[in-house]
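Undergrad: So here's data_27.cif, just mmCIF, C-alpha atoms and all ligand atoms:
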data_final
#
loop_
_atom_site.label_atom_id
_atom_site.label_comp_id
_atom_site.auth_asym_id
_atom_site.auth_seq_id
_atom_site.Cartn_x
_atom_site.Cartn_y
_atom_site.Cartn_z
CA MET A 1383 -107.59 220.30 -52.54
CA PRO A 1384 -108.56 216.88 -53.92
CA GLY A 1385 -106.01 214.55 -55.40
CA LYS A 1386 -103.88 214.33 -52.24
CA SER A 1387 -103.86 211.32 -49.95
CA TYR A 1388 -106.79 212.86 -48.09
CA ASN A 1389 -110.14 211.69 -49.45
CA LEU A 1390 -113.05 214.04 -48.72
CA PHE A 1391 -115.67 211.41 -49.56
CA GLU A 1392 -114.17 208.97 -47.05
CA MET A 1393 -114.16 211.76 -44.46
CA VAL A 1394 -117.85 212.63 -44.89
CA GLN A 1395 -118.75 208.93 -44.93
CA THR A 1396 -116.92 208.51 -41.61
CA GLN A 1397 -118.79 211.52 -40.22
CA PHE A 1398 -122.03 210.02 -41.52
CA ASP A 1399 -121.29 206.60 -39.93
CA HIS A 1400 -120.72 208.30 -36.57
CA ILE A 1401 -124.09 210.07 -36.84
CA ALA A 1402 -125.85 206.92 -38.07
CA GLY A 1403 -124.62 205.34 -34.82
CA ILE A 1404 -125.93 208.23 -32.68
CA LEU A 1405 -129.31 208.03 -34.46
CA GLY A 1406 -129.41 204.22 -34.44
CA LEU A 1407 -130.19 204.13 -38.19
CA ASP A 1408 -131.05 200.68 -39.56
CA SER A 1409 -128.51 199.26 -42.01
CA ALA A 1410 -130.68 199.77 -45.14
CA THR A 1411 -131.13 203.47 -44.39
CA ALA A 1412 -127.44 203.85 -43.60
CA ASP A 1413 -126.47 202.05 -46.85
CA LEU A 1414 -128.81 204.27 -48.83
CA LEU A 1415 -127.57 207.55 -47.33
CA ARG A 1416 -123.82 206.91 -47.20
CA ASN A 1417 -123.63 206.82 -51.02
CA PRO A 1418 -125.07 208.92 -53.85
CA MET A 1419 -128.18 207.54 -55.57
CA ARG A 1420 -126.98 208.51 -59.08
CA GLU A 1421 -123.76 209.70 -60.68
CA TYR A 1422 -122.90 210.86 -64.18
CA GLN A 1423 -119.39 211.20 -65.65
CA PHE A 1424 -118.89 212.30 -69.23
CA LEU A 1425 -116.60 214.01 -71.72
CA ILE A 1426 -117.19 217.42 -73.25
CA PRO A 1427 -115.36 218.09 -76.54
CA VAL A 1428 -114.74 221.81 -77.08
CA ARG A 1429 -113.29 223.51 -80.16
CA MET A 1430 -110.81 225.95 -78.68
CA ASP A 1431 -110.06 229.43 -80.01
CA ASP A 1432 -106.87 228.13 -81.67
CA GLY A 1433 -108.92 225.67 -83.76
CA ASN A 1434 -107.90 222.52 -81.84
CA VAL A 1435 -110.45 220.38 -79.99
CA ARG A 1436 -109.87 219.78 -76.27
CA ILE A 1437 -111.74 217.17 -74.22
CA PHE A 1438 -112.96 218.17 -70.75
CA ARG A 1439 -114.29 215.78 -68.10
CA GLY A 1440 -117.62 216.65 -66.46
CA PHE A 1441 -119.55 215.29 -63.48
CA ARG A 1442 -122.95 215.41 -61.80
CA VAL A 1443 -123.63 213.48 -58.62
CA GLN A 1444 -127.17 213.25 -57.20
CA HIS A 1445 -126.98 212.13 -53.61
CA ASN A 1446 -130.61 212.01 -52.51
CA ASP A 1447 -133.94 213.50 -53.61
CA ALA A 1448 -136.35 212.15 -50.99
CA ARG A 1449 -137.11 215.67 -49.71
CA GLY A 1450 -137.40 217.30 -53.16
CA PRO A 1451 -135.48 217.91 -56.40
CA CYS A 1452 -131.70 217.63 -56.07
CA LYS A 1453 -129.93 220.95 -55.67
CA GLY A 1454 -126.30 221.94 -55.85
CA GLY A 1455 -123.63 223.94 -57.60
CA VAL A 1456 -121.39 223.27 -60.60
CA ARG A 1457 -117.67 223.87 -59.99
CA PHE A 1458 -114.89 224.61 -62.41
CA HIS A 1459 -111.60 223.42 -60.95
CA PRO A 1460 -108.41 221.97 -62.46
CA GLN A 1461 -108.13 219.30 -59.73
CA GLU A 1462 -111.75 218.20 -59.52
CA THR A 1463 -112.38 214.53 -58.64
CA ILE A 1464 -115.46 212.30 -58.56
CA ASP A 1465 -114.92 211.66 -54.84
CA THR A 1466 -114.98 215.39 -54.04
CA MET A 1467 -118.22 215.63 -56.05
CA ARG A 1468 -119.69 212.73 -54.06
CA ALA A 1469 -118.74 214.30 -50.75
CA LEU A 1470 -120.10 217.72 -51.66
CA ALA A 1471 -123.34 216.25 -53.07
CA MET A 1472 -123.89 214.44 -49.78
CA LEU A 1473 -123.25 217.65 -47.82
CA MET A 1474 -125.89 219.39 -49.99
CA SER A 1475 -128.51 216.86 -48.81
CA TRP A 1476 -127.71 217.64 -45.17
CA LYS A 1477 -127.52 221.38 -45.93
CA CYS A 1478 -130.99 221.58 -47.50
CA ALA A 1479 -132.42 219.47 -44.68
CA VAL A 1480 -130.83 221.58 -41.90
CA ALA A 1481 -132.10 224.76 -43.58
CA ASP A 1482 -135.46 222.99 -43.88
CA ILE A 1483 -136.02 223.68 -47.56
CA PRO A 1484 -137.76 221.04 -49.72
CA LEU A 1485 -134.74 220.04 -51.81
CA GLY A 1486 -132.25 217.19 -52.02
CA GLY A 1487 -128.50 217.21 -52.61
CA SER A 1488 -126.31 217.16 -55.71
CA LYS A 1489 -123.06 218.63 -57.01
CA GLY A 1490 -121.41 218.90 -60.38
CA GLY A 1491 -118.29 220.14 -62.02
CA VAL A 1492 -115.85 220.19 -64.87
CA ILE A 1493 -112.08 219.68 -64.66
CA CYS A 1494 -110.86 222.99 -66.08
CA ASP A 1495 -109.26 226.26 -65.08
CA PRO A 1496 -111.32 229.24 -66.26
CA HIS A 1497 -108.30 231.52 -65.64
CA ASN A 1498 -106.88 230.04 -68.84
CA LEU A 1499 -110.07 229.85 -70.94
CA SER A 1500 -111.65 232.53 -73.10
CA PRO A 1501 -115.31 233.46 -72.48
CA ARG A 1502 -116.26 231.60 -75.68
CA GLU A 1503 -114.45 228.45 -74.53
CA GLN A 1504 -116.16 228.68 -71.12
CA GLU A 1505 -119.53 229.08 -72.84
CA GLN A 1506 -118.88 225.90 -74.87
CA ILE A 1507 -118.02 223.98 -71.68
CA CYS A 1508 -121.26 225.19 -70.04
CA ARG A 1509 -123.35 224.22 -73.06
CA GLY A 1510 -121.57 220.86 -73.39
CA TRP A 1511 -122.17 220.09 -69.70
CA VAL A 1512 -125.92 220.68 -70.14
CA ARG A 1513 -126.10 218.69 -73.40
CA GLN A 1514 -124.61 215.65 -71.65
CA LEU A 1515 -127.14 215.84 -68.82
CA ALA A 1516 -130.19 217.34 -70.52
CA SER A 1517 -132.58 214.51 -69.68
CA ASN A 1518 -131.28 213.93 -66.14
CA ILE A 1519 -131.46 217.47 -64.75
CA GLY A 1520 -134.28 220.02 -64.76
CA PRO A 1521 -136.57 222.12 -62.55
CA MET A 1522 -138.38 219.04 -61.26
CA ASN A 1523 -135.41 216.71 -60.68
CA ASP A 1524 -132.07 218.50 -60.29
CA VAL A 1525 -131.34 222.22 -60.24
CA PRO A 1526 -127.73 223.49 -60.70
CA ALA A 1527 -126.25 226.72 -59.30
CA PRO A 1528 -122.94 228.62 -59.12
CA GLU A 1529 -120.01 227.27 -57.12
CA ILE A 1530 -116.23 227.64 -57.13
CA MET A 1531 -115.23 229.68 -60.23
CA THR A 1532 -118.69 229.64 -61.86
CA THR A 1533 -120.80 232.78 -62.17
CA ALA A 1534 -124.24 234.13 -63.14
CA GLN A 1535 -123.04 234.30 -66.77
CA HIS A 1536 -122.21 230.57 -66.73
CA MET A 1537 -125.69 229.85 -65.32
CA LEU A 1538 -127.33 231.85 -68.11
CA TRP A 1539 -125.44 229.94 -70.83
CA MET A 1540 -126.51 226.67 -69.17
CA LEU A 1541 -130.13 227.86 -69.00
CA ASP A 1542 -130.07 228.90 -72.65
CA GLU A 1543 -128.75 225.50 -73.71
CA TYR A 1544 -131.34 223.66 -71.60
CA GLU A 1545 -134.18 225.76 -73.01
CA SER A 1546 -132.94 225.29 -76.59
CA ILE A 1547 -132.85 221.51 -76.15
CA HIS A 1548 -136.29 221.31 -74.54
CA GLY A 1549 -137.97 224.05 -76.57
CA THR A 1550 -139.33 225.76 -73.46
CA THR A 1551 -138.60 228.68 -71.21
CA SER A 1552 -137.68 227.06 -67.88
CA PRO A 1553 -136.11 229.68 -65.61
CA GLY A 1554 -136.59 227.30 -62.65
CA PHE A 1555 -134.00 224.95 -64.22
CA ILE A 1556 -131.04 226.77 -62.66
CA THR A 1557 -130.35 229.35 -59.95
CA GLY A 1558 -127.79 232.09 -59.49
CA LYS A 1559 -128.88 233.64 -62.80
CA PRO A 1560 -128.31 237.33 -63.53
CA VAL A 1561 -130.89 239.65 -61.96
CA GLY A 1562 -133.34 240.68 -64.70
CA LEU A 1563 -132.89 237.32 -66.48
CA GLY A 1564 -134.55 235.12 -63.88
CA GLY A 1565 -132.14 235.79 -61.02
CA SER A 1566 -133.15 236.79 -57.50
CA LEU A 1567 -132.09 239.98 -55.81
CA GLY A 1568 -129.90 239.03 -52.85
CA ARG A 1569 -128.64 235.73 -54.34
CA LYS A 1570 -125.13 237.09 -54.84
CA GLU A 1571 -124.94 238.24 -51.23
CA ALA A 1572 -126.83 235.29 -49.73
CA THR A 1573 -124.06 232.81 -48.88
CA GLY A 1574 -121.77 235.39 -47.28
CA TYR A 1575 -124.65 237.12 -45.50
CA GLY A 1576 -125.90 233.75 -44.23
CA VAL A 1577 -122.48 233.06 -42.69
CA ILE A 1578 -122.69 236.34 -40.78
CA ILE A 1579 -126.32 235.81 -39.72
CA THR A 1580 -125.30 232.54 -38.05
CA LEU A 1581 -122.19 234.25 -36.64
CA ARG A 1582 -124.36 237.05 -35.19
CA GLU A 1583 -126.50 234.40 -33.46
CA ALA A 1584 -123.42 232.55 -32.17
CA LEU A 1585 -122.00 235.78 -30.74
CA ALA A 1586 -125.31 236.47 -28.99
CA GLU A 1587 -125.23 232.94 -27.58
CA LEU A 1588 -121.70 233.52 -26.23
CA GLY A 1589 -122.60 236.98 -24.89
CA ILE A 1590 -120.08 238.78 -27.13
CA GLU A 1591 -120.85 242.14 -28.80
CA PRO A 1592 -120.00 242.00 -32.55
CA GLN A 1593 -118.44 245.48 -32.40
CA ASN A 1594 -115.85 244.14 -29.95
CA THR A 1595 -114.70 241.39 -32.31
CA VAL A 1596 -111.93 241.00 -34.87
CA ALA A 1597 -111.86 238.39 -37.65
CA SER A 1598 -109.50 236.82 -40.16
CA VAL A 1599 -110.84 235.41 -43.43
CA GLN A 1600 -109.54 232.82 -45.87
CA GLY A 1601 -110.65 233.47 -49.44
CA PHE A 1602 -111.76 236.61 -51.22
CA GLY A 1603 -114.36 235.28 -53.67
CA ASN A 1604 -118.07 235.96 -53.60
CA VAL A 1605 -118.71 234.28 -50.23
CA ALA A 1606 -115.83 236.00 -48.41
CA GLN A 1607 -116.52 239.42 -49.94
CA ASN A 1608 -120.17 239.43 -48.87
CA ALA A 1609 -119.43 237.94 -45.47
CA ILE A 1610 -116.92 240.75 -44.84
CA ARG A 1611 -119.45 243.38 -45.98
CA LEU A 1612 -122.16 242.26 -43.55
CA TYR A 1613 -119.65 241.61 -40.74
CA HIS A 1614 -118.41 245.21 -41.13
CA GLN A 1615 -122.04 246.39 -41.01
CA ILE A 1616 -122.65 244.66 -37.66
CA GLY A 1617 -119.53 246.38 -36.30
CA GLY A 1618 -116.76 243.79 -36.70
CA LYS A 1619 -113.23 244.42 -37.97
CA VAL A 1620 -111.37 242.16 -40.44
CA VAL A 1621 -107.58 242.38 -40.10
CA CYS A 1622 -106.45 239.67 -42.50
CA VAL A 1623 -107.61 237.97 -45.69
CA SER A 1624 -105.84 235.14 -47.44
CA CYS A 1625 -106.21 234.37 -51.11
CA TRP A 1626 -104.66 233.42 -54.40
CA ASP A 1627 -102.50 235.77 -56.48
CA GLN A 1628 -102.83 234.73 -60.12
CA SER A 1629 -99.76 236.77 -61.15
CA ASP A 1630 -97.39 234.35 -59.42
CA GLN A 1631 -99.78 231.39 -58.78
CA THR A 1632 -99.36 231.45 -55.00
CA SER A 1633 -101.60 232.11 -52.00
CA TYR A 1634 -100.77 234.87 -49.52
CA SER A 1635 -102.32 236.45 -46.45
CA PHE A 1636 -102.90 240.21 -46.66
CA LYS A 1637 -102.84 241.91 -43.29
CA LYS A 1638 -103.84 245.37 -42.11
CA LYS A 1639 -103.80 245.85 -38.34
CA ASP A 1640 -106.34 248.70 -38.36
CA GLY A 1641 -108.76 246.69 -40.48
CA ILE A 1642 -109.02 246.07 -44.20
CA ASP A 1643 -110.94 248.41 -46.48
CA LEU A 1644 -113.26 246.14 -48.48
CA ASP A 1645 -113.92 248.43 -51.45
CA THR A 1646 -110.25 249.36 -51.90
CA LEU A 1647 -109.26 245.68 -51.84
CA LEU A 1648 -112.04 244.88 -54.32
CA SER A 1649 -110.57 247.42 -56.71
CA ILE A 1650 -107.40 245.27 -56.98
CA THR A 1651 -109.18 241.88 -57.08
CA ASP A 1652 -109.79 239.75 -60.18
CA GLN A 1653 -113.12 238.13 -61.08
CA PHE A 1654 -112.11 234.89 -59.28
CA GLY A 1655 -111.32 236.62 -55.97
CA GLY A 1656 -107.55 236.83 -56.45
CA ILE A 1657 -105.79 239.89 -54.97
CA HIS A 1658 -102.77 241.33 -56.77
CA LYS A 1659 -99.90 241.15 -54.24
CA ASP A 1660 -97.83 244.11 -55.46
CA LYS A 1661 -100.85 246.40 -55.60
CA ALA A 1662 -101.85 245.32 -52.06
CA ARG A 1663 -98.32 246.11 -50.83
CA ASP A 1664 -98.60 249.58 -52.39
CA LEU A 1665 -101.83 250.07 -50.40
CA GLY A 1666 -100.00 249.36 -47.14
CA TYR A 1667 -100.91 245.69 -46.66
CA GLU A 1668 -98.40 243.35 -45.05
CA ILE A 1669 -97.91 240.31 -47.32
CA LEU A 1670 -97.62 237.13 -45.27
CA GLU A 1671 -97.49 233.43 -46.10
CA ALA A 1672 -100.70 231.60 -47.06
CA ASP A 1673 -101.45 230.05 -43.64
CA ALA A 1674 -100.83 233.26 -41.66
CA TRP A 1675 -104.56 234.01 -41.72
CA LEU A 1676 -105.21 231.37 -39.04
CA GLU A 1677 -102.36 232.46 -36.77
CA GLN A 1678 -103.76 235.95 -36.26
CA ASN A 1679 -104.75 237.23 -32.83
CA VAL A 1680 -108.48 237.38 -33.65
CA ASP A 1681 -111.79 236.24 -32.13
CA ILE A 1682 -113.24 234.77 -35.31
CA LEU A 1683 -111.87 232.72 -38.22
CA ILE A 1684 -113.90 232.54 -41.43
CA PRO A 1685 -112.54 229.92 -43.86
CA ALA A 1686 -114.39 230.87 -47.06
CA ALA A 1687 -112.24 229.41 -49.84
CA LEU A 1688 -111.91 225.70 -50.57
CA GLU A 1689 -112.22 222.34 -48.83
CA GLU A 1690 -109.45 220.84 -46.61
CA GLN A 1691 -107.79 224.08 -45.57
CA ILE A 1692 -107.62 223.67 -41.77
CA THR A 1693 -105.72 220.42 -41.38
CA GLY A 1694 -103.99 218.26 -38.76
CA GLU A 1695 -100.75 220.05 -39.69
CA ASN A 1696 -101.84 223.67 -39.37
CA ALA A 1697 -104.71 223.53 -36.82
CA SER A 1698 -102.22 223.85 -33.94
CA LYS A 1699 -101.28 227.28 -35.35
CA ILE A 1700 -104.77 228.64 -34.64
CA ASN A 1701 -104.31 231.59 -32.27
CA LYS A 1702 -105.33 231.10 -28.61
CA GLN A 1703 -107.71 234.08 -28.87
CA VAL A 1704 -109.98 232.39 -31.44
CA LYS A 1705 -113.46 231.71 -30.07
CA ILE A 1706 -115.52 230.99 -33.17
CA ILE A 1707 -114.87 229.35 -36.56
CA ALA A 1708 -117.59 230.15 -39.11
CA GLU A 1709 -117.18 227.82 -42.09
CA GLY A 1710 -118.11 229.71 -45.25
CA ALA A 1711 -116.50 227.10 -47.53
CA ASN A 1712 -117.68 223.52 -47.93
CA SER A 1713 -115.60 221.12 -45.80
CA PRO A 1714 -112.75 223.52 -44.98
CA THR A 1715 -111.81 221.47 -41.87
CA THR A 1716 -110.35 217.95 -42.00
CA ALA A 1717 -111.30 215.31 -39.43
CA GLU A 1718 -107.89 215.64 -37.70
CA ALA A 1719 -108.25 219.41 -37.40
CA ASP A 1720 -111.81 218.98 -36.14
CA GLU A 1721 -110.53 216.92 -33.18
CA ILE A 1722 -108.05 219.66 -32.25
CA ILE A 1723 -110.74 222.38 -32.54
CA LYS A 1724 -113.20 220.31 -30.50
CA LYS A 1725 -110.64 219.85 -27.68
CA ARG A 1726 -109.94 223.58 -27.64
CA LYS A 1727 -113.68 224.19 -27.23
CA ILE A 1728 -113.83 226.63 -30.12
CA PHE A 1729 -117.46 227.28 -31.12
CA VAL A 1730 -117.84 225.90 -34.66
CA LEU A 1731 -120.49 227.02 -37.12
CA PRO A 1732 -120.28 223.96 -39.40
CA ASP A 1733 -120.23 224.43 -43.17
CA PHE A 1734 -123.61 223.03 -44.09
CA LEU A 1735 -125.27 225.26 -41.50
CA ALA A 1736 -123.13 228.40 -41.87
CA ASN A 1737 -123.03 228.48 -45.68
CA ALA A 1738 -126.63 227.35 -46.29
CA GLY A 1739 -127.66 230.93 -47.19
CA GLY A 1740 -126.72 230.37 -50.84
CA VAL A 1741 -128.99 227.41 -51.36
CA VAL A 1742 -131.75 228.98 -49.25
CA CYS A 1743 -131.74 231.95 -51.59
CA SER A 1744 -131.49 229.60 -54.58
CA TYR A 1745 -134.70 228.03 -53.33
CA PHE A 1746 -136.29 231.49 -53.17
CA GLU A 1747 -135.00 232.15 -56.69
CA GLN A 1748 -136.52 228.93 -58.00
CA VAL A 1749 -139.87 229.77 -56.40
CA GLN A 1750 -139.78 233.26 -57.97
CA SER A 1751 -138.70 231.87 -61.36
CA ASN A 1752 -141.46 229.27 -61.38
CA MET A 1753 -144.04 231.97 -60.50
CA ASN A 1754 -142.41 234.53 -62.79
CA TYR A 1755 -142.96 237.02 -59.97
CA TYR A 1756 -139.87 238.59 -58.38
CA TRP A 1757 -139.58 239.91 -54.85
CA GLU A 1758 -137.93 243.09 -53.53
CA LYS A 1759 -134.42 242.65 -52.10
CA ASP A 1760 -135.59 243.42 -48.54
CA GLU A 1761 -138.15 240.65 -48.77
CA VAL A 1762 -135.54 238.15 -49.96
CA LEU A 1763 -132.99 239.11 -47.28
CA GLY A 1764 -135.68 239.16 -44.57
CA LYS A 1765 -136.76 235.62 -45.47
CA LEU A 1766 -133.08 234.57 -45.61
CA ASP A 1767 -132.49 235.92 -42.10
CA LEU A 1768 -135.51 234.04 -40.78
CA LYS A 1769 -134.43 230.72 -42.31
CA MET A 1770 -130.80 231.01 -41.22
CA THR A 1771 -131.70 232.11 -37.69
CA SER A 1772 -134.19 229.24 -37.30
CA ALA A 1773 -131.59 226.74 -38.55
CA PHE A 1774 -129.00 228.09 -36.10
CA ILE A 1775 -131.45 227.93 -33.19
CA ALA A 1776 -132.43 224.32 -33.99
CA VAL A 1777 -128.80 223.16 -34.17
CA ASN A 1778 -127.67 225.15 -31.14
CA GLU A 1779 -130.58 223.97 -28.98
CA LEU A 1780 -129.88 220.34 -29.87
CA ALA A 1781 -126.14 220.79 -29.22
CA LYS A 1782 -126.89 222.18 -25.75
CA ARG A 1783 -129.61 219.66 -24.87
CA ARG A 1784 -127.65 216.56 -25.97
CA LYS A 1785 -124.18 218.01 -25.22
CA LEU A 1786 -123.13 217.53 -28.84
CA TYR A 1787 -120.39 219.23 -30.82
CA MET A 1788 -122.08 221.75 -33.16
CA ARG A 1789 -121.06 219.80 -36.28
CA ASP A 1790 -122.57 216.61 -34.86
CA ALA A 1791 -125.77 218.43 -33.88
CA ALA A 1792 -126.13 219.81 -37.42
CA TYR A 1793 -125.53 216.32 -38.81
CA VAL A 1794 -128.11 214.78 -36.48
CA ILE A 1795 -130.77 217.20 -37.72
CA GLY A 1796 -129.80 216.95 -41.41
CA VAL A 1797 -129.43 213.17 -41.54
CA SER A 1798 -132.55 212.44 -39.49
CA ARG A 1799 -134.73 214.64 -41.72
CA VAL A 1800 -133.47 212.95 -44.91
CA ALA A 1801 -133.77 209.48 -43.32
CA GLN A 1802 -137.33 210.25 -42.25
CA ALA A 1803 -138.29 211.34 -45.79
CA CYS A 1804 -136.85 208.06 -47.18
CA LYS A 1805 -138.85 206.07 -44.61
CA ASP A 1806 -142.06 208.05 -45.19
CA ARG A 1807 -141.80 207.33 -48.93
CA GLY A 1808 -141.39 203.63 -48.19
CA TRP A 1809 -137.86 203.44 -49.65
CA VAL A 1810 -136.42 201.80 -46.54
N1 LIG B 1901 -122.84 226.02 -54.33
C1 LIG B 1901 -123.58 226.50 -53.20
C2 LIG B 1901 -123.47 225.54 -52.02
O1 LIG B 1901 -122.56 224.77 -51.91
C3 LIG B 1901 -125.01 226.82 -53.55
C4 LIG B 1901 -125.80 225.69 -54.08
C5 LIG B 1901 -127.15 226.10 -54.65
O2 LIG B 1901 -127.51 227.25 -54.56
O3 LIG B 1901 -127.81 225.22 -55.18
O4 LIG B 1901 -124.25 225.60 -51.11
#
What do you get writing this file as structure tokens?
TA:
Amino acid sequence: MPGKSYNLFEMVQTQFDHIAGILGLDSATADLLRNPMREYQFLIPVRMDDGNVRIFRGFRVQHNDARGPCKGGVRFHPQETIDTMRALAMLMSWKCAVADIPLGGSKGGVICDPHNLSPREQEQICRGWVRQLASNIGPMNDVPAPEIMTTAQHMLWMLDEYESIHGTTSPGFITGKPVGLGGSLGRKEATGYGVIITLREALAELGIEPQNTVASVQGFGNVAQNAIRLYHQIGGKVVCVSCWDQSDQTSYSFKKKDGIDLDTLLSITDQFGGIHKDKARDLGYEILEADAWLEQNVDILIPAALEEQITGENASKINKQVKIIAEGANSPTTAEADEIIKKRKIFVLPDFLANAGGVVCSYFEQVQSNMNYYWEKDEVLGKLDLKMTSAFIAVNELAKRRKLYMRDAAYVIGVSRVAQACKDRGWV
């Protein structure tokens, strides 16, 4: 997580500089794209349930909007930093470009821990965040969405505040809303499903049948849960998940050799994706240390929790059997770990390709909201499959043709599309 010596923004800037070199970007374009165009930092005073006022710090970073309105989630996390926001906003620009949707990149957040906040206090933070940004975000310039520890309910409070301020109904202001109140069917599933759609394509590329594969997953929030559901449907088996246990504030890996049962595990999971360790033990799960998920004898690793989880220290523990890493989280792999993975020739589905399903479906939601005409779930998921498959094919073809690492190939496509839009507009 942020706050350690590792700086995520410096890492993505270094990755960007490498790609700028491959693409031969001129210095003005490189200067424009290696930093966010706009950033907002502000304080949100909230009267707490005990009557005292607490001050929360909020952020919104808009990296680039040459291809369309900025788009990106709002995170609630106790260790949030402006540099993590900058890094993740930049990744959103590449993500929307790789998925080929007409949106730019942004990210926002508030330093807070919703585990320790009442629903009313969370509502006040959501409304305060929108009040601070009301004239700088909106359906035509920057569209928020759920992220780490934010939900459809948070999005609805934010929408309500935005509409109250502007005196309009503007369901296209925000995505990830509840279905029936401007949300899209399939949005909840979209990020996790998208990870598995790209995984399905990668397996086909490697000539491996999904039903002969076994996976280990880090995280058990919305992305991980839906990824596991679709992976089970295509025949795969998950033997280990790693996540947070709120009861003793520690992460563990939960292992079941014969394969986990998703619905049983969900019945002992809190709203933030934390599994209760003692209840899992009662259900026959082995409780292992946090990092054990990446040591398992599996074909596929799916990091679907937070950034900076596969590091220079633990990457050497990755089991020899692992053939594919499908990055459900944003930036789960540090630069040092990436070098180790590259040398071992593990097939990587990089974050801003693999987890683009969420923002792709957000785009569909915004289109539906603006039209006030909502599609059937099959239509949404069919369109999602098409977009994710096309994005995978484009990146994979380029990787093969130019002998590039998959992450570099994804970067080349994402960065060159954003750079081209900046040039076409006459910005550089
Ligand atoms: N927070 C998600 C992401 O990182 C979704 C963003 C969105 O839907 O705008 O891709």
Undergrad: Which one is closest to ligand LIG 1901 (chain B): A:Leu1768, A:Ala1791, A:Ile1642, A:Ile1483? Count all atoms listed in the file.
TA: A:Ile1483
Undergrad: Name all residues at most 6 Å from segment 1611-1619 of chain A (count all atoms listed in the file; drop same-chain ones fewer than 4 positions away) and give them as a PDB file with C-alpha atoms, in the frame of the given file.
TA:
ATOM      1  CA  PRO A1592    -120.000 242.000 -32.550  1.00  0.00           C
ATOM      2  CA  GLN A1593    -118.440 245.480 -32.400  1.00  0.00           C
ATOM      3  CA  THR A1595    -114.700 241.390 -32.310  1.00  0.00           C
ATOM      4  CA  VAL A1596    -111.930 241.000 -34.870  1.00  0.00           C
ATOM      5  CA  GLY A1641    -108.760 246.690 -40.480  1.00  0.00           C
TER       6      GLY A1641
END
Undergrad: Counting only C-alpha atoms and all ligand atoms, name the residues that have an atom within 6 Å of an atom of ligand LIG 1901 (chain B); the answer should be given as a PyMOL selection string.
TA: chain A and resi 1453-1455+1526-1529+1738+1740-1741+1744
Undergrad: Applying 6 Å and all atoms listed in the file, which residues near segment 1405-1422 of chain A remain after dropping the ones on its own chain fewer than 2 positions away? List them as a PyMOL selection string.
TA: chain A and resi 1395+1402-1403+1441-1446+1810
Undergrad: Please, what distance in Å, to one decimal, runs between atom CA of Ala1471 of chain A and atom CA of Gly1490 of chain A?
TA: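 Straight-line distance from atom CA of Ala1471 of chain A to atom CA of Gly1490 of chain A works out to 8.0 Å.
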Undergrad: Can you pull out the residues contacting Ala1586 of chain A? Cut-off 12 Å, using all atoms listed in the file, and skip same-chain residues under 5 positions away; I want them as a list in words.
TA: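 Once the nearby chain positions are removed, what remains is Ile1579, Thr1580, Leu1581, Glu1591, Pro1592, Gln1593, Ile1706, Thr1771, Phe1774, Ile1775 and Asn1778 of chain A.
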Undergrad: Find the residues around Ala1479 of chain A up to 12 Å (all atoms listed in the file counted), leave out those fewer than 3 positions away in its own chain, and share them as a ChimeraX atom specification.
TA: /A:1446-1450,1452-1453,1472-1476,1482-1487,1734-1735,1738,1741-1742,1769,1773,1776-1777,1792-1803
Undergrad: Set the distance at 8 Å and use only C-alpha atoms: which residues neighbour Val1512 of chain A once local chain neighbours fewer than 5 positions away are removed? I'd like the list as number ranges by chain.
TA: A: 1540, 1543-1544
Undergrad: Okay, now the selection with C-alpha atoms, as a short mmCIF file (atom, residue, chain, number, x, y, z; two decimals), in the frame of the given file?
TA:
data_model
loop_
_atom_site.label_atom_id
_atom_site.label_comp_id
_atom_site.auth_asym_id
_atom_site.auth_seq_id
_atom_site.Cartn_x
_atom_site.Cartn_y
_atom_site.Cartn_z
CA MET A 1540 -126.51 226.67 -69.17
CA GLU A 1543 -128.75 225.50 -73.71
CA TYR A 1544 -131.34 223.66 -71.60
#
